[in-house]
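Trainee: Please see the structure below; I have some questions.
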Amino acid sequence: MMEGILQGLSTAASPINILMVAVGCFVGTFIGMLPGLGPISAIALMIPITYGFDPATGMILMAGVYYGAIFGGSTSSILINAPGVAGTVATAFDGYPMARQGKAGKALAIAAYSSFSGGTIAAIFLLIAAPSLAIVSKAFQSSDYFALMVLGLTAVAAFAGKGNIVKALLMTVLGLMLSTVGTDQGQGVQRFTFGLPSLYDGISFLLLAMATFALSEALMAILKPKTDADRKREMEAQKNLGSMKLNKEEVKEMVPVIGRSSVLGFFVGVLPGAGATIASFLAYGMEQRLAGPKKGAEFGKGSIRGLAAPETANNAACSGSFVPLLTLGIPGSGTTAIMLGALLSYGIQPGPQLFERNPEVFWSVIISMYIGNVILLILNLPLIPYIARILAVPSQILLPLIVFFSLIGVYFVSFNTFDIHLMVVFAVAAVALRLLDFPMAPMLLGFILGKMMEENLRRALAIYDQSWSFLWERELTLSILVVAALVLFVPMVGPRITAALARRREASGEGG
Amino acid sequence: MLTRDRIGALLLLAFSVFYWLRIDEIRLLAFQADAAFTARTIPEILSMMGVVLSLVLLLRPGSAAKVEAAGFLWGKAALICLLMVAYGLTVRPAGFLLSTSLFLIGGYWILGERRWLVLLGAAVPLVVLFWLLMSQVLGVYVAALPEFMDFGR
C-alpha cells in the first residue's frame, strides 16, 4: 500500500498534474458558480478536453473540477441564494442570511475551511477504506456485481424522497432502455438502431450527459430568465463581500462541527445513491439538534454551525462517493457515474482490477484530492471576489456560449453532425421531463450501469449453465438483492407502518 | 386530474410501449431463440418495468402539482433549438469559423443582444481563438473554411 501511495504521490505531484488540479479547481469553481450548472455539467464539459491526456491526468483534472464545482455552487448559494447543485442547498440556509448581514466574505471563508477540512479528513478515510474494499471485492463474481448494480440503482431511487421514488425508478428504467440502443455486445445483433449507422455503436454517454444536463440547463435558463431584481442582487452580492477573516471563537465553534460532519458525510457518501445532498441535510439536522435550544435557534439566521456542517459533509461525501467507484466500479451518484463513463472511454475498467492494473490512476486520484483541497483553499478563496464576477456576465452572452461548448464538446469527439441533432432531441426531452419534475441523475446512472449490468448478468448465466438459480443459491448475491429490496421498499412501506401503529396506539389510548 | 406526474407517466408509458413494440425487430438466430438469455431478454424486462411503473404513477401520482407553463419564453427556446439544428447542418459545409460565428451571433441576438460591436466582439475573436487552441495546441483537426474554399479537405 505504501508503495502505491508513493506512486500516486509521484504521479499526482508531477508539475503537469498539479497544474491540471489547479486548472480543474478553477474551471470547476467558475462553472459551478453559474446557477443551474452543477458538477455533472462541469465534468461533462471538460471530458472532451481530457481525451488527449493520459488517464491519470484526465481523472485528476476531473476530480479538481468536481471539487471546484461543489465549491462554486456553495459560493452562488451564499452570495445570491441560488445553489448551483442540490448538494449546496443546505449551505444557503445559513450562508445567505450571513451574506445579507454583510458577512459574505466570512461565510465564504467558513465554507472554504469547512470544505477543505471535510474533503481532507474524508480523503484520509478513502485512503484506508478503498484498498481494503478493493481486496474484499476480489471475491465478487459477476452475479454479485449484477446484484450490486441493482442495489446502486434502487438506492438512487429510494433516496429520491417522498413521492418521487416511482419517478426516480422510471427514470432509471429509461436510462437502462437507452443503454440497450446499439449493437448487442453478446450476440452482435442490432437493437433499436432503426437502420441508422450512427446508432450502431450506441448512444455516447457524453452526448447523453451533455444534452440532459448542460444543454437542458441552458435551455431551462432561456425558458425562464432571471428578473431584473435578481440581476441587481447578483451584481451587488459580488461587489460587497466584506472581510474573510475568522476570529478564535468562530474557529472554536467550527472545529467539533467539522469533525462530526466529516465522518457522517464520508459514510453517507459511500452509500450508493445517497451522496452530497443527503449528507449535507443530515449534517445540518444533526448539528441543529446537538446545538441545544439557544444555538439551535440561530440556525437559518446565519449560524456558523449551520453553514460549516453542510459544507463539510458535502465535500466529505464527494470523497466517500469515490469508494464504490474506484473499488467496485459502481458509481453511487450522477457525478461519479459520469466519471465512470470517462474512465471507460480511456479504456480503464474501475473495480478491484484498477487497484492492481492501474495503481497510478487509483492512487493519484486519491492523492490529487488532497492537492485539490489545498488548491481550493489557497488559490480559490482569495480569488473568489474575481471569480464571482462571472455572475456579472449577461445571460444573453453566457447562455449561447454554454450551448456552444456543450455541442462542440460532443461534436469534437465524433465529428458526426448526427450527434448534434440527437443532442437537440435529448435536450428537448430532458427539458420536458424537468418541467414535469422528473430527476435526471437516475437516468444517467441507469444508462451508464445498463451495459455493465447486462454483461454481468450474461456472464453469471454462462457460469451457472444458463440457470437463474444464482439469484437465490449464491449467498452473497442473494444478500445484496435482499438489501436492495429493503432499501427500496422500507421508505415506501415504513411511513405507512408507523402511521398505522400510531393510529392503533391512539385508538387503544382512547379506549383505555 | 392531469397533474405533472400523470403527464410524465403518460409520456413514459408511450415511450415504453413504443420500445416494447420494437423488440420484435431484434433479430435472433435460430439456436438463440430458446436460450435463457438473448439480446431481447433485457429489453423485454425493461419494457415491462417501464409500463408497470408508468401505470403505477398514472394511477397514484406522488404529487398533485400541475404544470406551470406561464411566463416561459417558449419562442426563444424554440429558436435556440432551431439554431442548434441549423448549426449541425452547416458546420461541415460552411466550415467551423463561419458557422460557429453565425451560431453565436444568432444566439446572442435571439436572447436580446442588439449591439453589433458586442455581437461580433463576443463571437468572432472567441471562435478564432478556440479554433487555434483546438487545431494548433491540442492537435485536433477542425476544418476552418467552407468546403469550396478548403482545398486541404
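Chain identifiers are assigned as A, B, and so on, following the order in which chains appear in the C-alpha cells; residues are numbered from 1 within each chain, and ligands are numbered from 1 in order of appearance.
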Report as a PyMOL selection string all protein, DNA and RNA residues lying within 12 Å of range 128-144 of chain B, evaluated on only C-alpha atoms, omitting residues in the same chain fewer than 5 positions from it.

Mentor: (chain A and resi 48-53+401+404-405+408-409+411-415) or (chain B and resi 91-101+120-123+149-153)

Trainee: Please tabulate, as CSV, the residues of chain B that come within 6 Å of chain A, each with its closest pair of atoms and the distance in Å to one decimal, counting only C-alpha atoms and ordering rows by chain, then residue number upward.

Mentor:
```
residue,atom,partner,partner_atom,distance
B:Arg4,CA,A:Leu436,CA,5.0
B:Ile26,CA,A:Arg191,CA,5.5
B:Ala36,CA,A:Gln466,CA,5.7
B:Gly62,CA,A:Gly163,CA,4.1
B:Phe72,CA,A:Leu223,CA,5.0
B:Leu73,CA,A:Leu223,CA,4.7
B:Ala77,CA,A:Leu223,CA,5.8
B:Val85,CA,A:His421,CA,5.9
B:Gly88,CA,A:Thr417,CA,5.3
B:Gly107,CA,A:Pro400,CA,5.3
B:Tyr108,CA,A:Gln396,CA,5.4
B:Leu111,CA,A:Gln396,CA,5.0
```

Trainee: May I have the selected residues written with N, CA, C and O atoms, as a short mmCIF file (atom, residue, chain, number, x, y, z; two decimals), in the first residue's frame?

Mentor:
```cif
data_model
loop_
_atom_site.label_atom_id
_atom_site.label_comp_id
_atom_site.auth_asym_id
_atom_site.auth_seq_id
_atom_site.Cartn_x
_atom_site.Cartn_y
_atom_site.Cartn_z
N ARG B 4 -48.71 17.01 -13.11
CA ARG B 4 -47.38 16.89 -13.72
C ARG B 4 -46.96 15.43 -13.79
O ARG B 4 -46.47 14.95 -14.80
N ILE B 26 -35.47 -6.97 -33.11
CA ILE B 26 -34.13 -7.51 -32.76
C ILE B 26 -34.06 -8.94 -33.30
O ILE B 26 -34.83 -9.80 -32.87
N ALA B 36 -31.58 -19.05 -22.41
CA ALA B 36 -32.14 -18.36 -21.23
C ALA B 36 -31.94 -16.86 -21.33
O ALA B 36 -32.73 -16.08 -20.80
N GLY B 62 -47.42 10.98 -7.23
CA GLY B 62 -46.79 11.35 -5.96
C GLY B 62 -47.23 12.73 -5.48
O GLY B 62 -47.26 13.00 -4.29
N PHE B 72 -43.06 31.49 -19.41
CA PHE B 72 -41.90 30.86 -20.05
C PHE B 72 -41.71 31.42 -21.45
O PHE B 72 -42.68 31.64 -22.17
N LEU B 73 -40.46 31.63 -21.84
CA LEU B 73 -40.17 32.17 -23.17
C LEU B 73 -40.01 31.02 -24.17
O LEU B 73 -38.90 30.68 -24.58
N ALA B 77 -36.67 29.75 -26.68
CA ALA B 77 -36.08 28.42 -26.52
C ALA B 77 -36.21 27.63 -27.83
O ALA B 77 -35.27 26.94 -28.25
N VAL B 85 -30.03 23.06 -34.60
CA VAL B 85 -30.22 22.16 -35.75
C VAL B 85 -29.50 22.74 -36.97
O VAL B 85 -28.77 22.03 -37.69
N GLY B 88 -25.82 22.20 -36.80
CA GLY B 88 -25.49 20.83 -37.16
C GLY B 88 -25.45 20.65 -38.67
O GLY B 88 -24.63 19.89 -39.20
N GLY B 107 -27.33 33.29 -31.56
CA GLY B 107 -27.73 33.01 -30.17
C GLY B 107 -27.83 34.28 -29.34
O GLY B 107 -28.83 34.51 -28.64
N TYR B 108 -26.80 35.13 -29.44
CA TYR B 108 -26.83 36.39 -28.69
C TYR B 108 -28.03 37.23 -29.12
O TYR B 108 -28.71 37.85 -28.30
N LEU B 111 -31.38 36.02 -27.82
CA LEU B 111 -31.57 36.28 -26.39
C LEU B 111 -31.58 37.77 -26.05
O LEU B 111 -31.58 38.14 -24.88
#
```

Trainee: Find the distance between CA of Thr498 in chain A and CA of Gly332 in chain A and write it in Å to one decimal.

Mentor: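 Calculated distance between CA of Thr498 in chain A and CA of Gly332 in chain A is 28.8 Å.
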
Trainee: Applying 9 Å and only C-alpha atoms, which residues near range 279-296 of chain A remain after dropping the ones on its own chain fewer than 3 positions away? List them as a ChimeraX atom specification.

Mentor: /A:87-91,257,260-262,264-269,274-276,299,303,305-317

Trainee: Skip Ile124 in chain A itself and residues of its chain fewer than 4 positions away, then list as a PyMOL selection string all residues within 10 Å of it, counting only C-alpha atoms.

Mentor: chain A and resi 119-120+128-129+319+366-367+369-370

Trainee: To one decimal place in Å, what is the distance between CA of Arg115 in chain B and CA of Thr90 in chain B?

Mentor: 24.8 Å

Trainee: Which residues are close to range 147-155 of chain A, i.e. within 10 Å by only C-alpha atoms, leaving aside same-chain residues fewer than 6 positions away? Reply as an MDAnalysis selection string.

Mentor: chainID A and resid 140:141 165 168:169 172:173 271:274 324 328:333 442:443 445:446 449:450 452:453 456:457 471 476:489

Trainee: Of the residues A:Asn380, A:Ser406, A:Thr57, A:Ser345, which is the one nearest to Ile18 in chain A, using only C-alpha atoms?

Mentor: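 Checking each of A:Asn380, A:Ser406, A:Thr57, A:Ser345 against Ile18 in chain A, counting only C-alpha atoms, the winner is A:Thr57.
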
Trainee: Step one, run DSSP on the backbone; step two, keep only residues of range 99-256 of chain A assigned to strand (DSSP E); then write them as a list of chain:residue names.

Mentor: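 Secondary structure check on range 99-256 of chain A, strand (DSSP E): A:Gly182, A:Thr183, A:Gln190, A:Arg191.
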
Trainee: Grab the CA of Phe31 in chain B to CA of Phe146 in chain A distance for me, in Å with one decimal place.

Mentor: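 For CA of Phe31 in chain B relative to CA of Phe146 in chain A, the distance reads 25.7 Å.
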
Trainee: Could you tell me, as a ChimeraX atom specification, which residues of range 80-147 of chain B DSSP assigns to alpha helix (DSSP H) when given the backbone?

Mentor: /B:80-90,96-110,116-121,124-132
